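**Student:** One structure, pasted below without further comment.
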Amino acid sequence: MRCEICEGIAVISTRNGTLCETHFKKKFESVVMETIKKYKLIRRGEIIAVANSGGKDSLSLLYVLSKNFGNKNKIISITIDEGIAGYRNKTMETMKKYCDSWKVEYCVYSYKDFVGATMDSITKIREGIPCAACGVLRRHMLNFAAMETGADKIATAHNMDDEAENVLMNLFQNDLEKMVRLGPVSGVVESDGFVPRIKPLMFLSEKETMLFSILNGITALHTPCPYAGFGFRGVMSRKIKEIESEMAGSKRNLIDVMMALRDTCVKNSTYKTISNCKLCKMPSSNDICEACLIKIQINGIKSN
Ligand code: SF4
Ligand SMILES: [Zn+2]
Ligand SMILES: [Zn+2]
């Protein structure tokens, strides 16, 4: 397999081309930059908080953003420590090391400080799939952390595979409201107290992100979360991989359908307005946001 640009040995073949190491790395960064430019994800001078899980995706994103925007924007790294033994604590050192070498401020916020309980103890006292509560708390805490650090945007490392999973999950859950909040800028509703989320890697696949991290010597620790794979997301992830192997391009088609639907809904304003949680004042479609409900539930159970 030969690179379509220089005839050198190709390292990958995707819809972005059959490319050698040098041209693949250039293409990867150019897709990120085109996504940022096309959807106006980052403006000069903005403070960008990268949600850093320590995985290959978020470290690759942090690397590309600090390399290309470090001199005109402040890039910070925010890690949410869920409090899962043997998982997050192992990746913290690696994250800190990369942040130091890329001259990026490294901040950590924990569930323990916010809810008063680690994810490990939440799973023991709260019924249901751990990822449901964990996802709510992480989104909430990221928004809180971004506001506290003065960030203008939160950059998440969702790739095309993640976004396709989101589309399918919302489709099967008949949740158009949530689906139209997907896309390169999450949340079509502008609201005070909501820091917009951007997804610069949205048009790159998991395979491309993995290869980019390896070729750049970014060694993420691949310690899986012990609670991963139990939820609906795990099922969707497996199904999408099966479908993609039978019909190449179906992942991207899912994204394109969502984007078309999103544009129509935004034009017709067929989405609800957002108010604020009565307790934490953060944006919420209900009187009390889901994160505060979890907090109340956990502390209620703990005190009984
Ligand atoms: S896999 Fe689930 S429980 Fe584990 S960190 Fe992710 S959302 Fe949280
Ligand atoms: Zn080449
Ligand atoms: Zn709240």
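If you're wondering about the labels, chains in the structure tokens are A, B, ... by order shown, residues count from 1 in each chain, ligands from 1 in order shown.
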Which residues sit within 7 Å of ligand 1, counting only C-alpha atoms and all ligand atoms, listed as a list in words?

**Tutor:**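 Every residue with an atom at most 7 Å from ligand 1 is listed here: Glu82, Pro130, Cys131, Ala132, Cys134, Gly135, Cys225, Pro226, Tyr227, Ala228 and Gly229 of chain A.
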
**Student:** Those same residues - all heavy atoms - I'd like them written as a PDB file, in the first residue's frame.

**Tutor:**
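Printed below is result-v7.pdb as written:
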```pdb
ATOM      1  N   GLU A  82     -13.074  10.714  38.896  1.00  0.00           N
ATOM      2  CA  GLU A  82     -14.324  10.071  39.330  1.00  0.00           C
ATOM      3  C   GLU A  82     -14.168   9.348  40.667  1.00  0.00           C
ATOM      4  O   GLU A  82     -15.153   9.082  41.341  1.00  0.00           O
ATOM      5  CB  GLU A  82     -14.806   9.046  38.292  1.00  0.00           C
ATOM      6  CG  GLU A  82     -15.095   9.606  36.917  1.00  0.00           C
ATOM      7  CD  GLU A  82     -13.874   9.570  36.006  1.00  0.00           C
ATOM      8  OE1 GLU A  82     -12.759   9.335  36.518  1.00  0.00           O
ATOM      9  OE2 GLU A  82     -14.031   9.787  34.801  1.00  0.00           O
ATOM     10  N   PRO A 130     -23.703   2.274  36.457  1.00  0.00           N
ATOM     11  CA  PRO A 130     -22.807   3.342  36.940  1.00  0.00           C
ATOM     12  C   PRO A 130     -22.632   4.478  35.942  1.00  0.00           C
ATOM     13  O   PRO A 130     -22.589   5.650  36.325  1.00  0.00           O
ATOM     14  CB  PRO A 130     -21.478   2.609  37.179  1.00  0.00           C
ATOM     15  CG  PRO A 130     -21.837   1.186  37.329  1.00  0.00           C
ATOM     16  CD  PRO A 130     -23.073   0.942  36.536  1.00  0.00           C
ATOM     17  N   CYS A 131     -22.539   4.147  34.640  1.00  0.00           N
ATOM     18  CA  CYS A 131     -22.250   5.178  33.635  1.00  0.00           C
ATOM     19  C   CYS A 131     -23.337   6.255  33.573  1.00  0.00           C
ATOM     20  O   CYS A 131     -23.043   7.398  33.201  1.00  0.00           O
ATOM     21  CB  CYS A 131     -22.099   4.558  32.251  1.00  0.00           C
ATOM     22  SG  CYS A 131     -20.715   3.425  32.184  1.00  0.00           S
ATOM     23  N   ALA A 132     -24.564   5.909  33.920  1.00  0.00           N
ATOM     24  CA  ALA A 132     -25.646   6.898  33.830  1.00  0.00           C
ATOM     25  C   ALA A 132     -25.354   8.055  34.793  1.00  0.00           C
ATOM     26  O   ALA A 132     -25.335   9.223  34.391  1.00  0.00           O
ATOM     27  CB  ALA A 132     -26.982   6.242  34.155  1.00  0.00           C
ATOM     28  N   CYS A 134     -22.481   8.622  36.363  1.00  0.00           N
ATOM     29  CA  CYS A 134     -21.131   9.127  36.124  1.00  0.00           C
ATOM     30  C   CYS A 134     -21.130  10.167  34.993  1.00  0.00           C
ATOM     31  O   CYS A 134     -20.493  11.212  35.102  1.00  0.00           O
ATOM     32  CB  CYS A 134     -20.226   7.947  35.781  1.00  0.00           C
ATOM     33  SG  CYS A 134     -18.496   8.361  35.712  1.00  0.00           S
ATOM     34  N   GLY A 135     -21.884   9.870  33.920  1.00  0.00           N
ATOM     35  CA  GLY A 135     -21.949  10.798  32.787  1.00  0.00           C
ATOM     36  C   GLY A 135     -22.563  12.134  33.186  1.00  0.00           C
ATOM     37  O   GLY A 135     -22.056  13.194  32.810  1.00  0.00           O
ATOM     38  N   CYS A 225     -11.972   1.335  32.408  1.00  0.00           N
ATOM     39  CA  CYS A 225     -12.770   1.555  33.615  1.00  0.00           C
ATOM     40  C   CYS A 225     -13.472   0.241  33.955  1.00  0.00           C
ATOM     41  O   CYS A 225     -14.039  -0.399  33.077  1.00  0.00           O
ATOM     42  CB  CYS A 225     -13.801   2.663  33.347  1.00  0.00           C
ATOM     43  SG  CYS A 225     -15.002   2.789  34.673  1.00  0.00           S
ATOM     44  N   PRO A 226     -13.450  -0.186  35.211  1.00  0.00           N
ATOM     45  CA  PRO A 226     -14.082  -1.463  35.568  1.00  0.00           C
ATOM     46  C   PRO A 226     -15.589  -1.489  35.323  1.00  0.00           C
ATOM     47  O   PRO A 226     -16.186  -2.553  35.246  1.00  0.00           O
ATOM     48  CB  PRO A 226     -13.768  -1.611  37.059  1.00  0.00           C
ATOM     49  CG  PRO A 226     -13.386  -0.259  37.528  1.00  0.00           C
ATOM     50  CD  PRO A 226     -12.808   0.460  36.357  1.00  0.00           C
ATOM     51  N   TYR A 227     -16.198  -0.302  35.185  1.00  0.00           N
ATOM     52  CA  TYR A 227     -17.654  -0.261  34.960  1.00  0.00           C
ATOM     53  C   TYR A 227     -18.011  -0.120  33.477  1.00  0.00           C
ATOM     54  O   TYR A 227     -19.180  -0.048  33.121  1.00  0.00           O
ATOM     55  CB  TYR A 227     -18.282   0.903  35.738  1.00  0.00           C
ATOM     56  CG  TYR A 227     -17.875   0.927  37.193  1.00  0.00           C
ATOM     57  CD1 TYR A 227     -17.166   1.994  37.721  1.00  0.00           C
ATOM     58  CD2 TYR A 227     -18.184  -0.139  38.033  1.00  0.00           C
ATOM     59  CE1 TYR A 227     -16.768   2.018  39.043  1.00  0.00           C
ATOM     60  CE2 TYR A 227     -17.783  -0.132  39.366  1.00  0.00           C
ATOM     61  CZ  TYR A 227     -17.082   0.946  39.856  1.00  0.00           C
ATOM     62  OH  TYR A 227     -16.687   0.953  41.169  1.00  0.00           O
ATOM     63  N   ALA A 228     -16.993  -0.037  32.613  1.00  0.00           N
ATOM     64  CA  ALA A 228     -17.252   0.191  31.185  1.00  0.00           C
ATOM     65  C   ALA A 228     -17.904  -1.032  30.543  1.00  0.00           C
ATOM     66  O   ALA A 228     -17.688  -2.159  30.968  1.00  0.00           O
ATOM     67  CB  ALA A 228     -15.952   0.501  30.470  1.00  0.00           C
ATOM     68  N   GLY A 229     -18.693  -0.775  29.515  1.00  0.00           N
ATOM     69  CA  GLY A 229     -19.230  -1.857  28.703  1.00  0.00           C
ATOM     70  C   GLY A 229     -20.535  -2.439  29.202  1.00  0.00           C
ATOM     71  O   GLY A 229     -21.143  -3.279  28.549  1.00  0.00           O
TER      72      GLY A 229
END
```

**Student:** Hey, which residues sit close to ligand 3? Say within 7 Å, counting only C-alpha atoms and all ligand atoms, and write them as a PyMOL selection string.

**Tutor:** chain A and resi 277-282+288-292

**Student:** Neighbouring residues of ligand 2 are defined here as those with any atom at most 6 Å from a ligand atom, counting only C-alpha atoms and all ligand atoms; list them as a PyMOL selection string.

**Tutor:** chain A and resi 3+5-6+8+19-20+22-23

**Student:** Pull all heavy atoms from the residues just selected and write them as an mmCIF file, in the first residue's frame.

**Tutor:**
```cif
data_model
loop_
_atom_site.group_PDB
_atom_site.id
_atom_site.type_symbol
_atom_site.label_atom_id
_atom_site.label_comp_id
_atom_site.auth_asym_id
_atom_site.auth_seq_id
_atom_site.Cartn_x
_atom_site.Cartn_y
_atom_site.Cartn_z
ATOM 1 N N CYS A 3 1.489 5.583 -0.328
ATOM 2 C CA CYS A 3 0.891 6.890 -0.030
ATOM 3 C C CYS A 3 0.441 7.557 -1.325
ATOM 4 O O CYS A 3 1.181 7.570 -2.314
ATOM 5 C CB CYS A 3 1.928 7.764 0.680
ATOM 6 S SG CYS A 3 1.398 9.472 0.896
ATOM 7 N N ILE A 5 0.134 10.551 -1.935
ATOM 8 C CA ILE A 5 0.784 11.850 -2.201
ATOM 9 C C ILE A 5 2.247 11.658 -2.629
ATOM 10 O O ILE A 5 2.689 12.224 -3.615
ATOM 11 C CB ILE A 5 0.691 12.769 -0.954
ATOM 12 C CG1 ILE A 5 -0.785 13.047 -0.642
ATOM 13 C CG2 ILE A 5 1.444 14.095 -1.173
ATOM 14 C CD1 ILE A 5 -1.028 13.782 0.661
ATOM 15 N N CYS A 6 3.002 10.820 -1.856
ATOM 16 C CA CYS A 6 4.450 10.750 -2.130
ATOM 17 C C CYS A 6 4.917 9.370 -2.578
ATOM 18 O O CYS A 6 6.110 9.173 -2.826
ATOM 19 C CB CYS A 6 5.222 11.170 -0.884
ATOM 20 S SG CYS A 6 5.123 9.955 0.443
ATOM 21 N N GLY A 8 5.340 6.899 -0.822
ATOM 22 C CA GLY A 8 6.034 6.197 0.270
ATOM 23 C C GLY A 8 5.130 5.098 0.836
ATOM 24 O O GLY A 8 3.987 4.934 0.401
ATOM 25 N N LEU A 19 -2.249 7.073 3.180
ATOM 26 C CA LEU A 19 -1.180 8.032 3.474
ATOM 27 C C LEU A 19 -0.018 7.422 4.242
ATOM 28 O O LEU A 19 -0.195 6.489 5.044
ATOM 29 C CB LEU A 19 -1.755 9.198 4.293
ATOM 30 C CG LEU A 19 -2.903 9.979 3.617
ATOM 31 C CD1 LEU A 19 -3.628 10.843 4.634
ATOM 32 C CD2 LEU A 19 -2.386 10.840 2.475
ATOM 33 N N CYS A 20 1.169 7.972 3.992
ATOM 34 C CA CYS A 20 2.369 7.580 4.754
ATOM 35 C C CYS A 20 2.321 8.311 6.104
ATOM 36 O O CYS A 20 1.447 9.158 6.329
ATOM 37 C CB CYS A 20 3.631 7.960 3.982
ATOM 38 S SG CYS A 20 3.856 9.745 3.887
ATOM 39 N N THR A 22 4.171 10.696 7.459
ATOM 40 C CA THR A 22 4.265 12.168 7.399
ATOM 41 C C THR A 22 2.972 12.789 6.900
ATOM 42 O O THR A 22 2.447 13.744 7.499
ATOM 43 C CB THR A 22 5.419 12.577 6.443
ATOM 44 O OG1 THR A 22 6.579 11.903 6.880
ATOM 45 C CG2 THR A 22 5.643 14.067 6.435
ATOM 46 N N HIS A 23 2.442 12.244 5.815
ATOM 47 C CA HIS A 23 1.229 12.854 5.244
ATOM 48 C C HIS A 23 -0.017 12.566 6.089
ATOM 49 O O HIS A 23 -0.945 13.362 6.109
ATOM 50 C CB HIS A 23 1.058 12.435 3.777
ATOM 51 C CG HIS A 23 2.055 13.128 2.889
ATOM 52 N ND1 HIS A 23 3.052 12.462 2.210
ATOM 53 C CD2 HIS A 23 2.240 14.454 2.648
ATOM 54 C CE1 HIS A 23 3.808 13.348 1.563
ATOM 55 N NE2 HIS A 23 3.332 14.572 1.817
#
```

**Student:** Check which residues of segment 16-51 of chain A sit at most 10 Å from segment 211-224 of chain A using only C-alpha atoms, and return one row each with the closest pair of atoms and their distance in Å to one decimal, ordered by chain and rising number, as JSON lines.

**Tutor:**
```
{"residue": "A:Glu21", "atom": "CA", "partner": "A:Leu215", "partner_atom": "CA", "distance": 7.4}
{"residue": "A:Thr22", "atom": "CA", "partner": "A:Leu215", "partner_atom": "CA", "distance": 9.3}
{"residue": "A:Phe24", "atom": "CA", "partner": "A:Phe212", "partner_atom": "CA", "distance": 8.0}
{"residue": "A:Lys25", "atom": "CA", "partner": "A:Phe212", "partner_atom": "CA", "distance": 6.4}
{"residue": "A:Lys26", "atom": "CA", "partner": "A:Phe212", "partner_atom": "CA", "distance": 9.9}
{"residue": "A:Phe28", "atom": "CA", "partner": "A:Phe212", "partner_atom": "CA", "distance": 7.4}
{"residue": "A:Glu29", "atom": "CA", "partner": "A:Phe212", "partner_atom": "CA", "distance": 9.3}
```

**Student:** From the list A:Ile80, A:Leu137, A:Leu142, A:Ile125, which residue is nearest Tyr109 of chain A when using only C-alpha atoms?

**Tutor:**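 Of the candidates, the smallest distance to Tyr109 of chain A is held by A:Ile80.
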
**Student:** Give the helix (DSSP H, G or I) residues of segment 144-291 of chain A, as DSSP finds them on the backbone, and put them as number ranges by chain.

**Tutor:** A: 144-148, 160-172, 176-179, 206-215, 232-246, 250-268, 290-291

**Student:** Could you pull the residues within 9 Å of Ser77 of chain A, counting only C-alpha atoms, minus those fewer than 5 positions along the same chain, as a list of chain:residue names?

**Tutor:**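 Returned residues: A:Ile48, A:Ala49, A:Val50, A:Ala51, A:Asn52, A:Leu62, A:Met95, A:Cys99, A:Val104, A:Glu105, A:Tyr106, A:Cys107, A:Val108.
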
**Student:** Hey, what's within 9 Å of Ser285 of chain A if we count only C-alpha atoms and toss same-chain stuff fewer than 2 positions away? As a PDB file with C-alpha atoms, in the first residue's frame, please?

**Tutor:**
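And here is the file that came out, around_15.pdb:
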```pdb
ATOM      1  CA  LYS A 272     -36.815  23.553  24.267  1.00  0.00           C
ATOM      2  CA  THR A 273     -35.408  26.564  26.038  1.00  0.00           C
ATOM      3  CA  ILE A 274     -33.226  25.947  29.046  1.00  0.00           C
ATOM      4  CA  SER A 275     -33.770  27.426  32.480  1.00  0.00           C
ATOM      5  CA  ASN A 276     -31.516  27.187  35.519  1.00  0.00           C
ATOM      6  CA  CYS A 277     -31.328  24.654  38.343  1.00  0.00           C
ATOM      7  CA  PRO A 283     -28.485  25.309  33.076  1.00  0.00           C
ATOM      8  CA  ASP A 287     -36.271  22.804  38.247  1.00  0.00           C
ATOM      9  CA  ILE A 288     -33.452  20.771  39.768  1.00  0.00           C
ATOM     10  CA  CYS A 289     -30.681  19.485  37.528  1.00  0.00           C
TER      11      CYS A 289
END
```

**Student:** Need to verify the contact set: Met33 of chain A, 12 Å, only C-alpha atoms, exclusion of same-chain residues closer than 2 positions in sequence. Can you return it as a VMD selection string?

**Tutor:** chain A and resid 26 to 31 35 to 42 61 64 to 65 67 to 69 199 to 204

**Student:** Would you list the contacts of Ile255 of chain A as a short mmCIF file (atom, residue, chain, number, x, y, z; two decimals) with N, CA and C atoms, in the first residue's frame, taking every protein, DNA or RNA residue within 9 Å and counting only C-alpha atoms, but skipping same-chain residues closer than 5 positions in sequence?

**Tutor:**
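Produced file out_36.cif, reproduced below:
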```
data_model
loop_
_atom_site.label_atom_id
_atom_site.label_comp_id
_atom_site.auth_asym_id
_atom_site.auth_seq_id
_atom_site.Cartn_x
_atom_site.Cartn_y
_atom_site.Cartn_z
N MET A 160 -15.27 10.37 15.75
CA MET A 160 -16.44 10.00 14.94
C MET A 160 -17.18 8.78 15.51
N GLU A 163 -19.28 9.89 18.45
CA GLU A 163 -20.44 10.69 18.04
C GLU A 163 -21.50 9.78 17.38
N ALA A 164 -21.03 8.79 16.59
CA ALA A 164 -21.98 7.86 15.96
C ALA A 164 -22.74 7.08 17.04
N VAL A 167 -25.42 9.33 18.41
CA VAL A 167 -26.55 9.47 17.49
C VAL A 167 -27.47 8.26 17.62
N GLY A 183 -23.10 17.29 17.61
CA GLY A 183 -22.45 18.08 16.56
C GLY A 183 -21.18 18.73 17.08
N PHE A 203 -14.63 14.60 13.17
CA PHE A 203 -14.62 14.01 11.83
C PHE A 203 -13.41 13.10 11.61
N SER A 250 -20.82 3.81 7.11
CA SER A 250 -22.10 3.98 7.80
C SER A 250 -21.97 4.88 9.04
N ALA A 260 -27.80 17.09 9.49
CA ALA A 260 -28.90 17.63 8.67
C ALA A 260 -30.13 17.88 9.55
#
```

**Student:** Just want the 12 Å neighbourhood of segment 126-128 of chain A, counted on only C-alpha atoms, with same-chain residues fewer than 6 positions away dropped. Output as a count of residues only.

**Tutor:** 18

**Student:** Any idea what the distance is between atom CA of Val266 of chain A and atom CA of Asn16 of chain A?

**Tutor:**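 Computed distance, atom CA of Val266 of chain A to atom CA of Asn16 of chain A, equals 28.8 Å.
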
**Student:** Closest to Asn170 of chain A among A:Met236, A:Glu208, A:Ile47, A:Gly17, using only C-alpha atoms?

**Tutor:**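 Answer, going by the shortest atom-to-atom distance: A:Met236.
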
**Student:** Which one is closest to Ser101 of chain A: A:Leu59, A:Leu293, A:Val180, A:Met141? Count only C-alpha atoms.

**Tutor:**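 Distance minimum relative to Ser101 of chain A lands on A:Leu59.
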